Every structure is written in structure tokens, then in C-alpha cells.
Amino acid sequence: MSSTPVAWTAIEPNTAVVDAAGTQIARVVQIAGDENADIFDGFAIKTHAREHLKYVPAEIVASIAVGEVRLTISGADVAPLDDMREEVEEQIIPEKSHWYQRLAWWTTGRDR
């Protein structure tokens, strides 16, 4: 693999993930971030076929190179990582609406 550092936007699904010792432990399945705002949150990996997706936060990423993401933790420290959760969409409720309008929008799922 290349050791040339690249931006987080170069991470693609199936990119190799290696631990602090340089041993490949998984492959990237999904990337969590906002390219428009240039915010890298982390990514999801799957170490075994029957295992849930594990969320790897950006804080434990040591470096990103072409075809490889290196972590600051060992392979044994990957198992306790949290499972990847679905993205939660935020809803902003207008300030000038009455409480009963906001309650109605919240209970009906109406976007405003």
C-alpha cells in the first residue's frame, strides 16, 4: 500500500483497515461524514461475516493512505467498539409556532 497521506474523502468501501501494529483487521464498509462541510465522523467495518457493523470513530484513525486506513488501537480493541447505527435526521421546528402546532407536527411527522 502507498504511504502517501490522503484526505478522508479518498476512503472508499473495501479499503483495508490495519491496527497500530500494521496487521489488517477489517475492510471499510460504509463512511460516515459530510463531504460538503468536510466533516469526517468515522466509518463502519465488518471483521467477520456474521458480525454487526462496528463504528470506528475518527478519533482513533492514525492515518489515511491510498488503499489503507491505520488505527491507533490494536486489533483486540476493535471488538468492544460500538455497533454502527442508522443516521438520525434532525428536524428544526419554527420558533414562532405555538406549542400545540409543534406538538401536532411532532406527532404527525410533518416536516416544516
# chains A, B, ... in the order shown; residues from 1 in each chain; ligands from 1
$ residues_around --residues "range 31-42 of chain A" --least-positions-apart "5" --cutoff "8 Å" --atoms "only C-alpha atoms" --output "PDB file with N, CA, C and O atoms, in the first residue's frame"
ATOM      1  N   TRP A   8      -9.655  12.300   3.976  1.00  0.00           N
ATOM      2  CA  TRP A   8     -10.632  11.276   4.348  1.00  0.00           C
ATOM      3  C   TRP A   8     -11.603  10.963   3.225  1.00  0.00           C
ATOM      4  O   TRP A   8     -12.139   9.867   3.154  1.00  0.00           O
ATOM      5  N   THR A   9     -11.792  11.904   2.307  1.00  0.00           N
ATOM      6  CA  THR A   9     -12.714  11.680   1.192  1.00  0.00           C
ATOM      7  C   THR A   9     -12.198  10.615   0.223  1.00  0.00           C
ATOM      8  O   THR A   9     -12.947  10.133  -0.616  1.00  0.00           O
ATOM      9  N   ILE A  11     -11.257   7.691   1.215  1.00  0.00           N
ATOM     10  CA  ILE A  11     -11.640   6.376   1.740  1.00  0.00           C
ATOM     11  C   ILE A  11     -12.831   5.867   0.944  1.00  0.00           C
ATOM     12  O   ILE A  11     -13.815   6.581   0.756  1.00  0.00           O
ATOM     13  N   GLU A  12     -12.736   4.645   0.481  1.00  0.00           N
ATOM     14  CA  GLU A  12     -13.805   4.020  -0.280  1.00  0.00           C
ATOM     15  C   GLU A  12     -14.179   2.705   0.382  1.00  0.00           C
ATOM     16  O   GLU A  12     -13.376   2.127   1.120  1.00  0.00           O
ATOM     17  N   PRO A  13     -15.396   2.217   0.125  1.00  0.00           N
ATOM     18  CA  PRO A  13     -15.740   0.889   0.626  1.00  0.00           C
ATOM     19  C   PRO A  13     -14.712  -0.135   0.138  1.00  0.00           C
ATOM     20  O   PRO A  13     -14.177  -0.022  -0.960  1.00  0.00           O
ATOM     21  N   TYR A  55     -18.641   0.613  14.449  1.00  0.00           N
ATOM     22  CA  TYR A  55     -18.368   2.012  14.161  1.00  0.00           C
ATOM     23  C   TYR A  55     -16.963   2.375  14.650  1.00  0.00           C
ATOM     24  O   TYR A  55     -16.640   2.193  15.819  1.00  0.00           O
ATOM     25  N   VAL A  56     -16.154   2.871  13.740  1.00  0.00           N
ATOM     26  CA  VAL A  56     -14.796   3.322  14.073  1.00  0.00           C
ATOM     27  C   VAL A  56     -14.804   4.845  14.025  1.00  0.00           C
ATOM     28  O   VAL A  56     -14.892   5.437  12.948  1.00  0.00           O
ATOM     29  N   PRO A  57     -14.736   5.513  15.196  1.00  0.00           N
ATOM     30  CA  PRO A  57     -14.766   6.973  15.193  1.00  0.00           C
ATOM     31  C   PRO A  57     -13.470   7.569  14.646  1.00  0.00           C
ATOM     32  O   PRO A  57     -12.404   6.956  14.719  1.00  0.00           O
ATOM     33  N   ALA A  58     -13.574   8.754  14.107  1.00  0.00           N
ATOM     34  CA  ALA A  58     -12.416   9.434  13.521  1.00  0.00           C
ATOM     35  C   ALA A  58     -11.290   9.636  14.533  1.00  0.00           C
ATOM     36  O   ALA A  58     -10.122   9.684  14.150  1.00  0.00           O
ATOM     37  N   GLU A  59     -11.615   9.704  15.814  1.00  0.00           N
ATOM     38  CA  GLU A  59     -10.614   9.955  16.848  1.00  0.00           C
ATOM     39  C   GLU A  59      -9.561   8.862  16.949  1.00  0.00           C
ATOM     40  O   GLU A  59      -8.468   9.092  17.454  1.00  0.00           O
TER      41      GLU A  59
END
$ select_by_dssp --residues "chain A" --states "strand (DSSP E or B)" --output "PyMOL selection string"
chain A and resi 5+16-18+24-34+39-46+54-57+61-65+68-71+83
$ closest_residue --among "A:Gln30, A:Thr107, A:Ser3, A:Gln101" --to "Thr15 in chain A" --atoms "only C-alpha atoms"
A:Gln30
$ residues_around --residues "Ala62 in chain A" --least-positions-apart "6" --cutoff "12 Å" --atoms "only C-alpha atoms" --output "ChimeraX atom specification"
/A:5,8,17-22,42,56,68-74
$ write_last_selection --atoms "all heavy atoms" --output "tab-separated table (two decimals), in the first residue's frame"
chain	number	residue	atom	x	y	z
A	5	PRO	N	-0.08	10.17	2.58
A	5	PRO	CA	-1.33	10.54	3.24
A	5	PRO	C	-2.30	11.19	2.26
A	5	PRO	O	-1.89	11.93	1.37
A	5	PRO	CB	-0.90	11.55	4.31
A	5	PRO	CG	0.57	11.50	4.36
A	5	PRO	CD	1.07	10.88	3.11
A	8	TRP	N	-9.66	12.30	3.98
A	8	TRP	CA	-10.63	11.28	4.35
A	8	TRP	C	-11.60	10.96	3.22
A	8	TRP	O	-12.14	9.87	3.15
A	8	TRP	CB	-11.40	11.70	5.61
A	8	TRP	CG	-12.38	12.81	5.39
A	8	TRP	CD1	-12.14	14.15	5.48
A	8	TRP	CD2	-13.75	12.68	5.04
A	8	TRP	NE1	-13.28	14.86	5.21
A	8	TRP	CE2	-14.29	13.98	4.93
A	8	TRP	CE3	-14.59	11.60	4.79
A	8	TRP	CZ2	-15.62	14.23	4.61
A	8	TRP	CZ3	-15.92	11.85	4.47
A	8	TRP	CH2	-16.42	13.15	4.39
A	17	VAL	N	-8.31	-1.86	6.52
A	17	VAL	CA	-8.15	-1.21	7.82
A	17	VAL	C	-7.11	-2.01	8.59
A	17	VAL	O	-7.25	-3.22	8.76
A	17	VAL	CB	-9.48	-1.17	8.59
A	17	VAL	CG1	-9.30	-0.54	9.96
A	17	VAL	CG2	-10.56	-0.43	7.80
A	18	VAL	N	-6.06	-1.33	9.05
A	18	VAL	CA	-4.99	-2.01	9.78
A	18	VAL	C	-4.91	-1.45	11.19
A	18	VAL	O	-5.23	-0.28	11.43
A	18	VAL	CB	-3.62	-1.90	9.06
A	18	VAL	CG1	-3.67	-2.57	7.70
A	18	VAL	CG2	-3.19	-0.46	8.93
A	19	ASP	N	-4.47	-2.29	12.12
A	19	ASP	CA	-4.34	-1.84	13.50
A	19	ASP	C	-3.01	-1.11	13.70
A	19	ASP	O	-2.25	-0.92	12.74
A	19	ASP	CB	-4.51	-3.01	14.47
A	19	ASP	CG	-3.42	-4.06	14.36
A	19	ASP	OD1	-2.45	-3.86	13.59
A	19	ASP	OD2	-3.53	-5.09	15.04
A	20	ALA	N	-2.71	-0.75	14.94
A	20	ALA	CA	-1.50	0.02	15.23
A	20	ALA	C	-0.23	-0.75	14.88
A	20	ALA	O	0.80	-0.14	14.55
A	20	ALA	CB	-1.48	0.41	16.71
A	21	ALA	N	-0.30	-2.08	14.90
A	21	ALA	CA	0.87	-2.90	14.57
A	21	ALA	C	1.04	-3.13	13.08
A	21	ALA	O	2.05	-3.68	12.64
A	21	ALA	CB	0.76	-4.25	15.29
A	22	GLY	N	0.05	-2.72	12.29
A	22	GLY	CA	0.14	-2.89	10.84
A	22	GLY	C	-0.53	-4.14	10.30
A	22	GLY	O	-0.43	-4.44	9.12
A	42	GLY	N	-16.23	9.17	10.90
A	42	GLY	CA	-15.71	7.83	11.10
A	42	GLY	C	-16.16	6.91	9.97
A	42	GLY	O	-16.55	7.37	8.91
A	56	VAL	N	-16.15	2.87	13.74
A	56	VAL	CA	-14.80	3.32	14.07
A	56	VAL	C	-14.80	4.85	14.02
A	56	VAL	O	-14.89	5.44	12.95
A	56	VAL	CB	-13.76	2.76	13.07
A	56	VAL	CG1	-12.38	3.28	13.39
A	56	VAL	CG2	-13.80	1.25	13.05
A	68	GLU	N	-5.50	2.25	2.33
A	68	GLU	CA	-5.28	1.78	3.70
A	68	GLU	C	-5.64	2.86	4.73
A	68	GLU	O	-5.30	4.02	4.57
A	68	GLU	CB	-3.82	1.39	3.89
A	68	GLU	CG	-3.48	0.92	5.28
A	68	GLU	CD	-2.00	0.61	5.42
A	68	GLU	OE1	-1.60	-0.48	4.99
A	68	GLU	OE2	-1.27	1.47	5.94
A	69	VAL	N	-6.33	2.43	5.79
A	69	VAL	CA	-6.61	3.28	6.94
A	69	VAL	C	-5.95	2.62	8.14
A	69	VAL	O	-6.21	1.46	8.44
A	69	VAL	CB	-8.12	3.44	7.17
A	69	VAL	CG1	-8.39	4.30	8.40
A	69	VAL	CG2	-8.81	4.03	5.96
A	70	ARG	N	-5.09	3.37	8.83
A	70	ARG	CA	-4.38	2.83	10.01
A	70	ARG	C	-5.03	3.40	11.27
A	70	ARG	O	-5.28	4.59	11.37
A	70	ARG	CB	-2.91	3.20	9.97
A	70	ARG	CG	-2.10	2.60	11.13
A	70	ARG	CD	-0.63	2.87	10.97
A	70	ARG	NE	-0.07	2.25	9.78
A	70	ARG	CZ	0.47	1.03	9.76
A	70	ARG	NH1	0.53	0.32	10.84
A	70	ARG	NH2	0.97	0.54	8.63
A	71	LEU	N	-5.27	2.51	12.25
A	71	LEU	CA	-5.88	2.91	13.52
A	71	LEU	C	-4.82	3.06	14.60
A	71	LEU	O	-3.72	2.54	14.48
A	71	LEU	CB	-6.92	1.87	13.95
A	71	LEU	CG	-8.02	1.54	12.95
A	71	LEU	CD1	-8.97	0.51	13.53
A	71	LEU	CD2	-8.78	2.79	12.54
A	72	THR	N	-5.19	3.73	15.69
A	72	THR	CA	-4.29	3.91	16.82
A	72	THR	C	-4.45	2.79	17.84
A	72	THR	O	-3.72	2.75	18.83
A	72	THR	CB	-4.57	5.25	17.53
A	72	THR	OG1	-5.93	5.24	18.00
A	72	THR	CG2	-4.33	6.41	16.62
A	73	ILE	N	-5.39	1.87	17.61
A	73	ILE	CA	-5.66	0.79	18.56
A	73	ILE	C	-5.22	-0.56	17.99
A	73	ILE	O	-4.98	-0.67	16.78
A	73	ILE	CB	-7.15	0.73	18.94
A	73	ILE	CG1	-8.03	0.46	17.71
A	73	ILE	CG2	-7.57	2.01	19.65
A	73	ILE	CD1	-9.49	0.25	18.00
A	74	SER	N	-5.16	-1.55	18.85
A	74	SER	CA	-4.80	-2.90	18.40
A	74	SER	C	-6.04	-3.61	17.86
A	74	SER	O	-7.17	-3.18	18.11
A	74	SER	CB	-4.21	-3.70	19.56
A	74	SER	OG	-5.22	-3.99	20.51
$ atom_distance --atom1 "CA of Ile60 in chain A" --atom2 "CA of Val29 in chain A"
16.8 Å
$ closest_residue --among "A:Leu103, A:Val66, A:Val61, A:Ile25" --to "Thr47 in chain A" --atoms "only C-alpha atoms"
A:Ile25
